[in-house]
$ cat entry-v2.cif   # mmCIF, C-alpha atoms
data_entry
#
loop_
_atom_site.label_atom_id
_atom_site.label_comp_id
_atom_site.auth_asym_id
_atom_site.auth_seq_id
_atom_site.Cartn_x
_atom_site.Cartn_y
_atom_site.Cartn_z
CA MET Z 1 -23.51 -7.83 17.78
CA HIS Z 2 -22.54 -4.20 17.42
CA LEU Z 3 -22.04 -3.14 13.84
CA SER Z 4 -19.16 -0.74 13.42
CA GLU Z 5 -19.30 2.53 11.60
CA GLY Z 6 -18.34 2.81 7.99
CA ILE Z 7 -19.54 -0.62 6.91
CA LEU Z 8 -23.15 -0.19 6.00
CA SER Z 9 -24.45 1.90 3.16
CA GLY Z 10 -26.59 4.98 3.61
CA PRO Z 11 -29.99 3.45 2.76
CA VAL Z 12 -29.45 0.60 5.23
CA LEU Z 13 -28.47 3.04 7.96
CA LEU Z 14 -31.43 5.27 7.25
CA SER Z 15 -34.02 2.51 7.14
CA GLY Z 16 -32.59 1.05 10.33
CA ALA Z 17 -32.82 4.42 12.01
CA ALA Z 18 -36.39 4.94 10.80
CA LEU Z 19 -37.51 1.54 12.10
CA ALA Z 20 -35.75 2.09 15.41
CA ALA Z 21 -37.36 5.52 15.75
CA ALA Z 22 -40.80 4.03 15.12
CA GLY Z 23 -40.18 1.29 17.66
CA THR Z 24 -38.93 3.79 20.20
CA ALA Z 25 -42.00 5.95 19.67
CA VAL Z 26 -44.28 2.99 20.37
CA GLY Z 27 -42.18 2.10 23.39
CA LEU Z 28 -42.26 5.62 24.81
CA LYS Z 29 -46.00 5.76 24.38
CA GLN Z 30 -46.39 2.65 26.47
CA LEU Z 31 -43.92 3.80 29.05
CA ASP Z 32 -46.05 4.87 31.97
CA TYR Z 33 -45.03 6.02 35.38
CA ASP Z 34 -45.05 2.59 36.96
CA ARG Z 35 -42.65 1.09 34.48
CA ILE Z 36 -40.00 3.74 34.35
CA ALA Z 37 -37.91 2.31 37.15
CA GLN Z 38 -38.02 -1.15 35.62
CA THR Z 39 -37.13 0.15 32.17
CA GLY Z 40 -34.21 2.10 33.59
CA MET Z 41 -32.90 -0.86 35.52
CA LEU Z 42 -33.12 -3.19 32.54
CA SER Z 43 -31.50 -0.60 30.35
CA ALA Z 44 -28.63 -0.47 32.83
CA ALA Z 45 -28.46 -4.26 32.89
CA PHE Z 46 -28.30 -4.35 29.11
CA PHE Z 47 -25.64 -1.64 29.14
CA VAL Z 48 -23.42 -3.66 31.43
CA ALA Z 49 -24.22 -7.11 30.04
CA SER Z 50 -22.07 -6.75 26.97
CA LEU Z 51 -19.07 -6.17 29.21
CA ILE Z 52 -19.50 -9.50 30.91
CA HIS Z 53 -17.25 -11.82 29.02
CA VAL Z 54 -17.86 -15.45 29.66
CA PRO Z 55 -14.66 -17.33 28.93
CA VAL Z 56 -15.60 -20.43 27.00
CA GLY Z 57 -12.99 -22.63 25.44
CA PRO Z 58 -10.22 -20.62 23.83
CA SER Z 59 -12.35 -17.55 23.34
CA SER Z 60 -14.88 -15.49 25.22
CA VAL Z 61 -18.40 -14.46 24.47
CA HIS Z 62 -20.44 -11.75 26.02
CA LEU Z 63 -24.03 -11.52 27.09
CA ILE Z 64 -26.61 -9.46 25.24
CA LEU Z 65 -29.70 -10.00 27.39
CA ASN Z 66 -32.11 -8.69 24.78
CA GLY Z 67 -34.39 -11.68 25.37
CA ILE Z 68 -34.99 -10.90 29.00
CA VAL Z 69 -35.25 -7.17 28.31
CA GLY Z 70 -37.97 -7.89 25.76
CA LEU Z 71 -39.78 -10.35 27.99
CA MET Z 72 -39.93 -7.90 30.86
CA LEU Z 73 -40.50 -4.67 28.97
CA GLY Z 74 -42.33 -5.46 25.77
CA TRP Z 75 -42.17 -2.45 23.45
CA CYS Z 76 -40.36 -0.46 26.11
CA ALA Z 77 -37.34 -2.55 25.17
CA PHE Z 78 -36.80 -0.12 22.29
CA PRO Z 79 -36.09 3.00 24.35
CA ALA Z 80 -34.22 0.96 26.94
CA ILE Z 81 -31.92 -0.60 24.36
CA LEU Z 82 -31.54 2.62 22.39
CA ILE Z 83 -30.30 4.48 25.46
CA ALA Z 84 -27.98 1.67 26.51
CA LEU Z 85 -26.54 1.44 22.99
CA THR Z 86 -26.03 5.20 22.79
CA LEU Z 87 -24.04 5.14 26.00
CA GLN Z 88 -22.09 2.09 24.88
CA ALA Z 89 -21.18 3.88 21.67
CA LEU Z 90 -20.13 7.00 23.55
CA PHE Z 91 -18.25 5.39 26.39
CA PHE Z 92 -16.95 2.11 25.02
CA GLN Z 93 -16.87 2.85 21.29
CA PHE Z 94 -18.96 -0.26 20.71
CA GLY Z 95 -20.80 0.17 17.47
CA GLY Z 96 -21.10 3.83 16.60
CA ILE Z 97 -23.39 6.80 16.44
CA THR Z 98 -24.26 6.41 12.78
CA THR Z 99 -25.08 2.73 13.23
CA LEU Z 100 -27.17 3.38 16.32
CA GLY Z 101 -30.47 2.92 14.52
CA VAL Z 102 -29.47 -0.30 12.84
CA ASN Z 103 -27.97 -1.72 16.02
CA THR Z 104 -31.07 -0.79 18.01
CA MET Z 105 -33.21 -2.52 15.42
CA ILE Z 106 -31.00 -5.60 15.45
CA MET Z 107 -31.24 -6.02 19.19
CA ALA Z 108 -34.60 -4.51 20.16
CA GLY Z 109 -36.58 -5.89 17.24
CA PRO Z 110 -36.03 -9.51 18.27
CA ALA Z 111 -36.66 -8.52 21.89
CA VAL Z 112 -40.17 -7.37 21.03
CA ALA Z 113 -40.75 -10.34 18.73
CA CYS Z 114 -39.78 -12.71 21.52
CA TYR Z 115 -42.01 -10.85 23.91
CA TYR Z 116 -45.01 -11.62 21.73
CA LEU Z 117 -43.89 -15.19 21.11
CA PHE Z 118 -43.02 -16.27 24.61
CA SER Z 119 -44.62 -13.91 27.09
CA PRO Z 120 -47.99 -15.71 27.15
CA MET Z 121 -46.27 -19.04 27.76
CA VAL Z 122 -44.05 -17.68 30.50
CA GLN Z 123 -46.99 -16.16 32.31
CA LYS Z 124 -49.39 -19.04 31.92
CA GLY Z 125 -47.85 -22.31 32.86
CA LYS Z 126 -45.69 -22.97 35.85
CA GLN Z 127 -43.96 -25.85 34.12
CA MET Z 128 -43.75 -24.08 30.81
CA ALA Z 129 -42.16 -20.94 32.23
CA MET Z 130 -38.62 -22.22 32.34
CA PRO Z 131 -38.37 -23.77 28.87
CA ALA Z 132 -40.25 -20.83 27.41
CA ALA Z 133 -37.84 -18.39 29.04
CA PHE Z 134 -34.90 -20.40 27.76
CA ALA Z 135 -36.36 -20.34 24.26
CA CYS Z 136 -36.95 -16.61 24.61
CA GLY Z 137 -33.32 -15.87 25.47
CA PHE Z 138 -32.12 -18.27 22.80
CA CYS Z 139 -34.34 -16.99 20.01
CA ALA Z 140 -33.74 -13.32 20.76
CA VAL Z 141 -30.04 -13.76 20.01
CA LEU Z 142 -30.80 -16.03 17.06
CA PHE Z 143 -33.11 -13.44 15.50
CA SER Z 144 -30.56 -10.72 16.20
CA ALA Z 145 -27.89 -12.71 14.40
CA ALA Z 146 -30.25 -13.25 11.48
CA LEU Z 147 -31.13 -9.56 11.34
CA MET Z 148 -27.46 -8.69 11.39
CA GLY Z 149 -26.98 -10.95 8.39
CA VAL Z 150 -29.76 -9.08 6.62
CA ALA Z 151 -28.17 -5.73 7.48
CA LEU Z 152 -24.87 -6.92 6.07
CA MET Z 153 -26.52 -8.29 2.96
CA THR Z 154 -25.87 -5.15 0.98
CA THR Z 155 -22.18 -5.00 1.82
CA GLU Z 156 -21.09 -8.62 1.85
CA GLU Z 157 -21.71 -10.52 -1.33
CA LYS Z 158 -22.13 -13.97 0.17
CA PHE Z 159 -25.27 -13.38 2.16
CA MET Z 160 -26.00 -16.98 3.15
CA GLU Z 161 -22.43 -17.68 4.12
CA VAL Z 162 -22.16 -14.60 6.31
CA SER Z 163 -25.48 -15.26 7.99
CA VAL Z 164 -24.61 -18.84 8.77
CA LEU Z 165 -21.24 -17.72 10.11
CA ILE Z 166 -22.81 -15.13 12.37
CA ILE Z 167 -25.37 -17.58 13.68
CA THR Z 168 -22.87 -20.36 14.40
CA ALA Z 169 -20.48 -17.93 16.03
CA ASN Z 170 -23.23 -16.74 18.31
CA LEU Z 171 -24.52 -20.20 19.18
CA PRO Z 172 -22.77 -20.25 22.56
CA VAL Z 173 -24.22 -16.84 23.33
CA MET Z 174 -27.68 -18.14 22.53
CA ILE Z 175 -27.33 -21.04 24.91
CA ILE Z 176 -25.91 -18.94 27.72
CA GLU Z 177 -28.57 -16.31 27.21
CA GLY Z 178 -31.21 -18.98 27.29
CA ILE Z 179 -29.92 -20.30 30.59
CA VAL Z 180 -29.56 -16.85 32.12
CA THR Z 181 -33.03 -15.85 30.99
CA ALA Z 182 -34.54 -19.08 32.28
CA PHE Z 183 -32.99 -18.64 35.72
CA CYS Z 184 -33.99 -15.00 35.96
CA ILE Z 185 -37.56 -15.64 34.94
CA VAL Z 186 -38.00 -18.61 37.25
CA PHE Z 187 -36.59 -16.55 40.08
CA LEU Z 188 -38.79 -13.55 39.31
CA ASN Z 189 -41.85 -15.74 38.92
CA LYS Z 190 -41.30 -16.93 42.47
CA VAL Z 191 -40.32 -13.61 44.02
CA LYS Z 192 -42.20 -10.95 42.16
CA PRO Z 193 -44.32 -12.19 39.28
CA SER Z 194 -45.69 -8.73 38.61
CA LEU Z 195 -42.32 -7.63 37.21
CA ILE Z 196 -42.69 -9.69 34.08
CA ALA Z 197 -44.44 -7.53 31.53
CA SER Z 198 -48.00 -8.67 31.37
CA LYS Z 199 -50.85 -7.53 29.24
CA ARG Z 200 -52.94 -7.24 32.38
CA SER Z 201 -50.91 -4.40 33.77
CA ARG Z 202 -51.10 -2.48 30.57
CA SER Z 203 -54.77 -2.74 29.70
CA MET P 1 -26.20 -38.21 32.84
CA LYS P 2 -25.81 -34.68 34.09
CA LYS P 3 -22.09 -34.89 33.52
CA ILE P 4 -22.56 -35.88 29.90
CA ALA P 5 -24.94 -33.01 29.36
CA PHE P 6 -22.42 -30.68 30.92
CA LEU P 7 -19.64 -31.97 28.68
CA ILE P 8 -21.76 -31.50 25.60
CA PHE P 9 -22.58 -28.04 26.81
CA ILE P 10 -18.91 -27.18 27.27
CA SER P 11 -17.81 -28.71 23.99
CA LEU P 12 -20.31 -26.50 22.21
CA PHE P 13 -18.16 -23.55 23.03
CA LEU P 14 -14.89 -24.93 21.81
CA TRP P 15 -15.38 -24.00 18.23
CA ALA P 16 -16.58 -20.53 18.87
CA ASP P 17 -14.23 -17.83 17.75
CA SER P 18 -14.11 -14.41 19.26
CA ALA P 19 -16.51 -13.21 16.65
CA ALA P 20 -18.89 -12.11 19.33
CA ALA P 21 -16.75 -9.13 20.24
CA HIS P 22 -18.15 -5.67 19.81
CA ARG P 23 -15.39 -3.76 18.20
CA VAL P 24 -11.95 -4.06 16.77
CA THR P 25 -9.23 -1.53 17.17
CA ILE P 26 -6.14 -0.97 15.14
CA PHE P 27 -3.03 0.86 16.20
CA GLY P 28 -0.44 1.91 13.68
CA TRP P 29 3.02 3.41 13.86
CA ILE P 30 5.87 4.14 11.48
CA GLU P 31 9.39 2.85 11.72
CA GLY P 32 11.71 3.93 8.94
CA ASP P 33 9.74 3.50 5.74
CA THR P 34 7.50 0.77 7.08
CA VAL P 35 4.08 1.06 8.68
CA TYR P 36 3.38 -1.39 11.45
CA THR P 37 -0.13 -2.14 12.66
CA GLU P 38 -1.58 -4.17 15.45
CA SER P 39 -5.26 -5.09 15.65
CA GLN P 40 -7.17 -6.50 18.56
CA TYR P 41 -10.51 -6.96 20.26
CA PRO P 42 -11.28 -5.09 23.46
CA ASP P 43 -10.56 -8.12 25.63
CA GLY P 44 -6.99 -8.19 24.34
CA LYS P 45 -7.42 -10.94 21.80
CA ARG P 46 -5.55 -10.34 18.57
CA VAL P 47 -7.37 -10.27 15.27
CA LYS P 48 -6.22 -13.31 13.35
CA ASN P 49 -6.66 -13.30 9.61
CA GLY P 50 -8.30 -9.92 9.66
CA LYS P 51 -8.45 -8.11 6.36
CA ILE P 52 -6.35 -4.97 6.13
CA LEU P 53 -7.13 -2.33 3.54
CA VAL P 54 -4.94 0.68 2.99
CA TYR P 55 -6.43 3.78 1.40
CA ASN P 56 -4.88 7.07 0.43
CA ALA P 57 -6.40 10.49 1.03
CA GLU P 58 -8.60 10.20 -2.06
CA ASN P 59 -10.11 6.94 -0.78
CA LYS P 60 -8.31 4.91 -3.38
CA GLU P 61 -7.34 1.44 -2.31
CA LEU P 62 -3.56 1.11 -2.34
CA LEU P 63 -2.98 -2.35 -0.97
CA THR P 64 -4.61 -5.12 1.02
CA GLY P 65 -3.40 -7.87 3.28
CA THR P 66 -4.28 -10.14 6.16
CA THR P 67 -3.11 -9.94 9.74
CA SER P 68 -0.88 -12.57 11.29
CA ASP P 69 -1.75 -14.74 14.28
CA ASN P 70 -0.57 -11.88 16.46
CA GLY P 71 -2.87 -9.44 14.74
CA GLU P 72 0.08 -7.70 13.15
CA PHE P 73 0.50 -6.45 9.64
CA SER P 74 3.20 -4.26 8.21
CA PHE P 75 3.82 -2.74 4.82
CA LYS P 76 6.21 -0.33 3.14
CA ILE P 77 4.80 3.14 2.72
CA PRO P 78 3.47 3.03 -0.82
CA LYS P 79 3.00 6.74 -1.40
CA THR P 80 3.77 10.02 0.27
CA SER P 81 0.26 11.03 1.18
CA ALA P 82 -2.09 10.58 4.08
CA LEU P 83 -2.92 6.94 4.68
CA ARG P 84 -5.99 5.34 6.13
CA VAL P 85 -5.53 1.78 7.37
CA VAL P 86 -8.75 -0.15 7.84
CA ILE P 87 -9.08 -3.47 9.61
CA GLN P 88 -12.07 -5.64 8.76
CA ALA P 89 -12.56 -8.48 11.20
CA GLY P 90 -15.70 -9.70 9.49
CA MET P 91 -19.30 -9.72 10.65
CA GLY P 92 -19.62 -5.99 10.80
CA HIS P 93 -16.49 -5.30 12.78
CA GLN P 94 -14.23 -2.62 11.47
CA GLY P 95 -11.67 -0.23 12.84
CA GLU P 96 -9.31 2.25 11.31
CA TRP P 97 -6.15 4.23 11.93
CA THR P 98 -5.08 7.26 9.97
CA PHE P 99 -1.69 8.78 9.31
CA SER P 100 -1.59 12.42 8.36
CA GLY P 101 0.23 13.53 5.25
CA GLU P 102 3.00 15.21 7.24
CA GLU P 103 3.61 12.14 9.31
CA ILE P 104 4.11 10.06 6.21
CA GLN P 105 6.14 12.75 4.51
CA ALA P 106 8.49 13.02 7.46
CA ALA P 107 8.98 9.29 7.63
CA PHE P 108 9.26 8.98 3.89
CA GLY P 109 11.76 11.80 3.66
CA GLU P 110 13.96 10.09 6.18
CA ALA P 111 13.67 6.81 4.41
CA VAL P 112 14.62 8.40 1.09
CA ASN P 113 17.58 10.10 2.68
CA ALA P 114 18.62 6.87 4.28
CA GLY P 115 18.25 5.02 1.00
CA ALA P 116 20.28 7.64 -0.86
CA THR P 117 23.15 7.73 1.57
CA GLU P 118 23.18 4.10 2.56
CA PRO P 119 25.18 2.77 -0.42
CA SER P 120 27.94 5.25 0.27
CA ALA P 121 27.75 4.71 3.97
CA PRO P 122 30.35 1.95 4.38
CA GLU P 123 33.12 4.09 2.94
CA PRO P 124 32.94 6.98 5.40
CA THR P 125 32.82 4.54 8.28
CA ALA P 126 35.95 2.87 7.11
CA GLN P 127 37.78 6.08 6.34
CA PRO P 128 37.79 7.78 9.71
CA ALA P 129 39.04 4.64 11.34
CA VAL P 130 41.94 4.45 8.97
CA THR P 131 42.78 8.12 9.09
CA LYS P 132 42.51 8.16 12.83
CA SER P 133 45.03 5.42 13.29
CA THR P 134 47.52 6.89 10.81
CA ALA P 135 47.29 10.62 11.31
CA PRO P 136 44.95 11.53 14.16
CA ALA P 137 45.94 15.16 14.61
CA VAL P 138 45.50 16.21 10.97
CA SER P 139 42.21 14.51 10.08
CA GLU P 140 40.31 15.40 13.23
CA PRO P 141 38.72 18.64 12.00
CA GLN P 142 37.45 16.90 8.84
CA THR P 143 35.60 14.00 10.44
CA PRO P 144 32.48 15.72 11.87
CA ALA P 145 31.19 16.93 8.50
CA PRO P 146 30.65 13.60 6.68
CA ASP P 147 29.47 11.93 9.85
CA LEU P 148 26.50 14.18 10.49
CA GLY P 149 23.97 12.57 8.18
CA GLN P 150 25.14 9.17 9.16
CA LEU P 151 24.88 9.99 12.81
CA GLU P 152 21.34 11.09 12.30
CA GLN P 153 20.46 7.83 10.63
CA MET P 154 22.09 5.86 13.34
CA MET P 155 20.23 7.81 15.99
CA GLU P 156 17.06 7.20 14.05
CA ARG P 157 17.68 3.48 14.04
CA VAL P 158 18.65 3.33 17.68
CA MET P 159 15.69 5.41 18.69
CA ASP P 160 13.34 3.19 16.70
CA LYS P 161 14.71 0.18 18.46
CA LYS P 162 14.57 1.77 21.88
CA LEU P 163 11.12 3.17 21.35
CA GLN P 164 9.63 -0.04 20.08
CA PRO P 165 8.55 -1.38 23.47
CA ILE P 166 7.05 1.97 24.29
CA THR P 167 5.14 2.10 21.03
CA ARG P 168 3.83 -1.35 21.74
CA MET P 169 2.82 -0.34 25.22
CA LEU P 170 1.04 2.66 23.78
CA ALA P 171 -0.72 0.40 21.31
CA GLN P 172 -1.91 -1.75 24.15
CA MET P 173 -3.12 1.22 26.16
CA GLU P 174 -4.85 2.77 23.21
CA GLN P 175 -6.78 -0.40 22.59
CA LYS P 176 -7.84 -1.06 26.13
CA GLY P 177 -11.44 -1.91 26.80
CA PRO P 178 -13.78 0.17 28.88
CA THR P 179 -12.69 1.31 32.31
CA ALA P 180 -14.64 1.29 35.56
CA ASN P 181 -15.23 5.02 35.11
CA ASP P 182 -16.98 4.44 31.80
CA ILE P 183 -19.11 1.66 33.20
CA PHE P 184 -20.31 3.45 36.29
CA GLY P 185 -20.70 6.69 34.37
CA GLY P 186 -22.98 4.90 31.93
CA ILE P 187 -25.07 3.33 34.66
CA GLY P 188 -25.35 6.71 36.30
CA TYR P 189 -26.60 8.25 33.07
CA ILE P 190 -29.26 5.58 32.65
CA LEU P 191 -30.53 5.93 36.20
CA GLY P 192 -30.48 9.70 35.83
CA LEU P 193 -32.50 9.52 32.62
CA ALA P 194 -35.00 7.23 34.30
CA GLY P 195 -35.23 9.78 37.09
CA VAL P 196 -35.85 12.61 34.63
CA ALA P 197 -38.51 10.60 32.84
CA ALA P 198 -40.17 9.75 36.15
CA TYR P 199 -40.14 13.40 37.15
CA PHE P 200 -41.85 14.58 34.01
CA LEU P 201 -44.41 11.79 34.05
CA SER P 202 -45.22 12.45 37.67
CA ARG P 203 -45.79 16.13 36.88
CA LYS P 204 -48.09 15.16 34.07
CA ASN P 205 -50.02 12.93 36.44
CA GLN P 206 -50.31 15.71 38.96
CA THR P 207 -51.63 18.26 36.51
CA LYS P 208 -54.20 15.73 35.34
CA LYS P 209 -55.44 15.34 38.86
#

$ encode --input "entry-v2.cif" --output "structure tokens"
Amino acid sequence: MHLSEGILSGPVLLSGAALAAAGTAVGLKQLDYDRIAQTGMLSAAFFVASLIHVPVGPSSVHLILNGIVGLMLGWCAFPAILIALTLQALFFQFGGITTLGVNTMIMAGPAVACYYLFSPMVQKGKQMAMPAAFACGFCAVLFSAALMGVALMTTEEKFMEVSVLIITANLPVMIIEGIVTAFCIVFLNKVKPSLIASKRSRS
Amino acid sequence: MKKIAFLIFISLFLWADSAAAHRVTIFGWIEGDTVYTESQYPDGKRVKNGKILVYNAENKELLTGTTSDNGEFSFKIPKTSALRVVIQAGMGHQGEWTFSGEEIQAAFGEAVNAGATEPSAPEPTAQPAVTKSTAPAVSEPQTPAPDLGQLEQMMERVMDKKLQPITRMLAQMEQKGPTANDIFGGIGYILGLAGVAAYFLSRKNQTKK
């Protein structure tokens, strides 16, 4: 999910950075005192998640966790993911500094989208919470894969082919993310429902 | 029923390739007049069928190729200038390795020397043996001179062979994934940043009050 340096063209990098900056600004505005600890913890979780390789079949996939970050943080997912990605680029050489904006957009954009799509469902129904959380984790990765295809559109000629390839390659990740998200949300709903970003706490 | 679901779940993963990695690395080294490269993902998996592009200092594409099942690709040095070897593993993954101009020049110079002297090489090897057996005392002072270049080449070859495992080991080390230090350092940074943010926000709250 991390785009390397030297692949994308200047305009793509710039527009990605601009969008990411706007998202981060919105996120920082919403970041109040009560949510700092949660944002930091989820940022740390996101930072570590991509190191967790789940060996499946002959290969291994890694977690992204942008679905659960979005579900629990809303717009604050942008600063959380931006910081985690910066540190990943510095420490692990995943992605790169120039692609930071685009990568943030690819992963945090879907996180926020999924927050709006699934947060009401997760908070409302007791029975709906688990499938909605699964769908949230699943779709966040799916949207990320699609966005990545869009970002690569300018460099790879066969846009459809590349997009389909990225999405199928990430299908196992989507399913695992869905399961992880579902378990986490069900657990949190039981233990501490207030942790899941709600509109109540913000208004 | 649960078992079947589980099996379906598992089988889903069987076709997945390691495309979900986050970066590719390439390590290159020179042996004689050939450049060897090895490409892999951070978890140690080799890049199969990765696209290799070789550029010169002026960013002109010199040659392309694909990596083997072991993630290896080698090519003869095409030109005596700095080289940039780029691996493209697809889906936005790219890594590169550069050779400086001097590095290539040194290797290329050797290779040219070796190529120039190689055809004549068998003769000197045969001669000392013959002269030694027939007239050892007389020919002894003459032998060191013609042997010098040859000796150097031989050393070169032997060294290359001996150093190969070490180069490979270096390649492996260079391409290692993140260490525990990196991971805990990163987590520390994030928690620290959260602390800083909390500090400033709490001050803002206090001044408001």

$ residues_around --input "entry-v2.cif" --residues "region 24-32 of chain Z" --least-positions-apart "6" --cutoff "6 Å" --atoms "all atoms listed in the file" --output "list in words"
Trp75, Cys76, Phe78 and Pro79 of chain Z

$ write_last_selection --input "entry-v2.cif" --atoms "C-alpha atoms" --output "short mmCIF file (atom, residue, chain, number, x, y, z; two decimals), in the frame of the given file"
data_model
loop_
_atom_site.label_atom_id
_atom_site.label_comp_id
_atom_site.auth_asym_id
_atom_site.auth_seq_id
_atom_site.Cartn_x
_atom_site.Cartn_y
_atom_site.Cartn_z
CA TRP Z 75 -42.17 -2.45 23.45
CA CYS Z 76 -40.36 -0.46 26.11
CA PHE Z 78 -36.80 -0.12 22.29
CA PRO Z 79 -36.09 3.00 24.35
#

$ resolve_selection --input "entry-v2.cif" --expression "the PyMOL selection byres ((chain Z and resi 157-168) around 7)" --output "ChimeraX atom specification"
/Z:142,145-146,149,153,155-156,169-171 /P:91

$ residues_around --input "entry-v2.cif" --residues "Thr39 (chain Z)" --least-positions-apart "2" --cutoff "8 Å" --atoms "all atoms listed in the file" --output "list in words"
Arg35, Ile36, Ala37, Met41, Leu42, Ser43, Leu73, Cys76, Ala77 and Ala80 of chain Z; Ala194 of chain P

$ residues_near_point --input "entry-v2.cif" --point "(11.7, -3.0, 13.3)" --cutoff "12 Å" --atoms "all atoms listed in the file" --output "tab-separated table (two decimals) with C-alpha atoms, keeping the file's coordinate frame"
chain	number	residue	atom	x	y	z
P	29	TRP	CA	3.02	3.41	13.86
P	30	ILE	CA	5.87	4.14	11.48
P	31	GLU	CA	9.39	2.85	11.72
P	32	GLY	CA	11.71	3.93	8.94
P	33	ASP	CA	9.74	3.50	5.74
P	34	THR	CA	7.50	0.77	7.08
P	35	VAL	CA	4.08	1.06	8.68
P	36	TYR	CA	3.38	-1.39	11.45
P	37	THR	CA	-0.13	-2.14	12.66
P	74	SER	CA	3.20	-4.26	8.21
P	75	PHE	CA	3.82	-2.74	4.82
P	76	LYS	CA	6.21	-0.33	3.14
P	156	GLU	CA	17.06	7.20	14.05
P	157	ARG	CA	17.68	3.48	14.04
P	158	VAL	CA	18.65	3.33	17.68
P	159	MET	CA	15.69	5.41	18.69
P	160	ASP	CA	13.34	3.19	16.70
P	161	LYS	CA	14.71	0.18	18.46
P	162	LYS	CA	14.57	1.77	21.88
P	163	LEU	CA	11.12	3.17	21.35
P	164	GLN	CA	9.63	-0.04	20.08
P	165	PRO	CA	8.55	-1.38	23.47
P	167	THR	CA	5.14	2.10	21.03
P	168	ARG	CA	3.83	-1.35	21.74

$ atom_distance --input "entry-v2.cif" --atom1 "CA of Gln105 (chain P)" --atom2 "CA of Ser81 (chain P)"
7.0 Å

$ interface_residues --input "entry-v2.cif" --of "chain Z" --to "chain P" --cutoff "8 Å" --atoms "all atoms listed in the file" --output "ChimeraX atom specification"
/Z:1-7,32-33,36-37,39-41,43-44,47-48,56-62,83-84,87-88,91-95,152,162,166,168-172

$ write_last_selection --input "entry-v2.cif" --atoms "C-alpha atoms" --output "CSV table (one decimal), in the frame of the given file"
chain,number,residue,atom,x,y,z
Z,1,MET,CA,-23.5,-7.8,17.8
Z,2,HIS,CA,-22.5,-4.2,17.4
Z,3,LEU,CA,-22.0,-3.1,13.8
Z,4,SER,CA,-19.2,-0.7,13.4
Z,5,GLU,CA,-19.3,2.5,11.6
Z,6,GLY,CA,-18.3,2.8,8.0
Z,7,ILE,CA,-19.5,-0.6,6.9
Z,32,ASP,CA,-46.0,4.9,32.0
Z,33,TYR,CA,-45.0,6.0,35.4
Z,36,ILE,CA,-40.0,3.7,34.4
Z,37,ALA,CA,-37.9,2.3,37.2
Z,39,THR,CA,-37.1,0.2,32.2
Z,40,GLY,CA,-34.2,2.1,33.6
Z,41,MET,CA,-32.9,-0.9,35.5
Z,43,SER,CA,-31.5,-0.6,30.4
Z,44,ALA,CA,-28.6,-0.5,32.8
Z,47,PHE,CA,-25.6,-1.6,29.1
Z,48,VAL,CA,-23.4,-3.7,31.4
Z,56,VAL,CA,-15.6,-20.4,27.0
Z,57,GLY,CA,-13.0,-22.6,25.4
Z,58,PRO,CA,-10.2,-20.6,23.8
Z,59,SER,CA,-12.4,-17.6,23.3
Z,60,SER,CA,-14.9,-15.5,25.2
Z,61,VAL,CA,-18.4,-14.5,24.5
Z,62,HIS,CA,-20.4,-11.8,26.0
Z,83,ILE,CA,-30.3,4.5,25.5
Z,84,ALA,CA,-28.0,1.7,26.5
Z,87,LEU,CA,-24.0,5.1,26.0
Z,88,GLN,CA,-22.1,2.1,24.9
Z,91,PHE,CA,-18.2,5.4,26.4
Z,92,PHE,CA,-17.0,2.1,25.0
Z,93,GLN,CA,-16.9,2.8,21.3
Z,94,PHE,CA,-19.0,-0.3,20.7
Z,95,GLY,CA,-20.8,0.2,17.5
Z,152,LEU,CA,-24.9,-6.9,6.1
Z,162,VAL,CA,-22.2,-14.6,6.3
Z,166,ILE,CA,-22.8,-15.1,12.4
Z,168,THR,CA,-22.9,-20.4,14.4
Z,169,ALA,CA,-20.5,-17.9,16.0
Z,170,ASN,CA,-23.2,-16.7,18.3
Z,171,LEU,CA,-24.5,-20.2,19.2
Z,172,PRO,CA,-22.8,-20.2,22.6

$ resolve_selection --input "entry-v2.cif" --expression "the PyMOL selection byres ((chain Z and resi 107) around 12)" --output "PyMOL selection string"
chain Z and resi 1-3+16+20+23+46+64-70+77-82+84-85+100-106+108-114+137+139-148

$ residues_near_point --input "entry-v2.cif" --point "(-3.0, 13.8, 3.7)" --cutoff "9 Å" --atoms "only C-alpha atoms" --output "VMD selection string"
chain P and resid 56 to 58 80 to 83 99 to 104

$ write_last_selection --input "entry-v2.cif" --atoms "C-alpha atoms" --output "CSV table (one decimal), in the coordinates of the input"
chain,number,residue,atom,x,y,z
P,56,ASN,CA,-4.9,7.1,0.4
P,57,ALA,CA,-6.4,10.5,1.0
P,58,GLU,CA,-8.6,10.2,-2.1
P,80,THR,CA,3.8,10.0,0.3
P,81,SER,CA,0.3,11.0,1.2
P,82,ALA,CA,-2.1,10.6,4.1
P,83,LEU,CA,-2.9,6.9,4.7
P,99,PHE,CA,-1.7,8.8,9.3
P,100,SER,CA,-1.6,12.4,8.4
P,101,GLY,CA,0.2,13.5,5.2
P,102,GLU,CA,3.0,15.2,7.2
P,103,GLU,CA,3.6,12.1,9.3
P,104,ILE,CA,4.1,10.1,6.2

$ atom_distance --input "entry-v2.cif" --atom1 "CA of Met173 (chain P)" --atom2 "CA of Tyr55 (chain P)"
25.1 Å

$ closest_residue --input "entry-v2.cif" --among "P:Gln150, P:Arg203, P:Pro78, P:Gly44" --to "His53 (chain Z)" --atoms "all atoms listed in the file"
P:Gly44

$ atom_distance --input "entry-v2.cif" --atom1 "CA of Gly71 (chain P)" --atom2 "CA of Ile26 (chain P)"
9.1 Å

$ resolve_selection --input "entry-v2.cif" --expression "the PyMOL selection byres ((chain Z and resi 177) around 7)" --output "number ranges by chain"
Z: 63, 65, 137-138, 173-176, 178-181
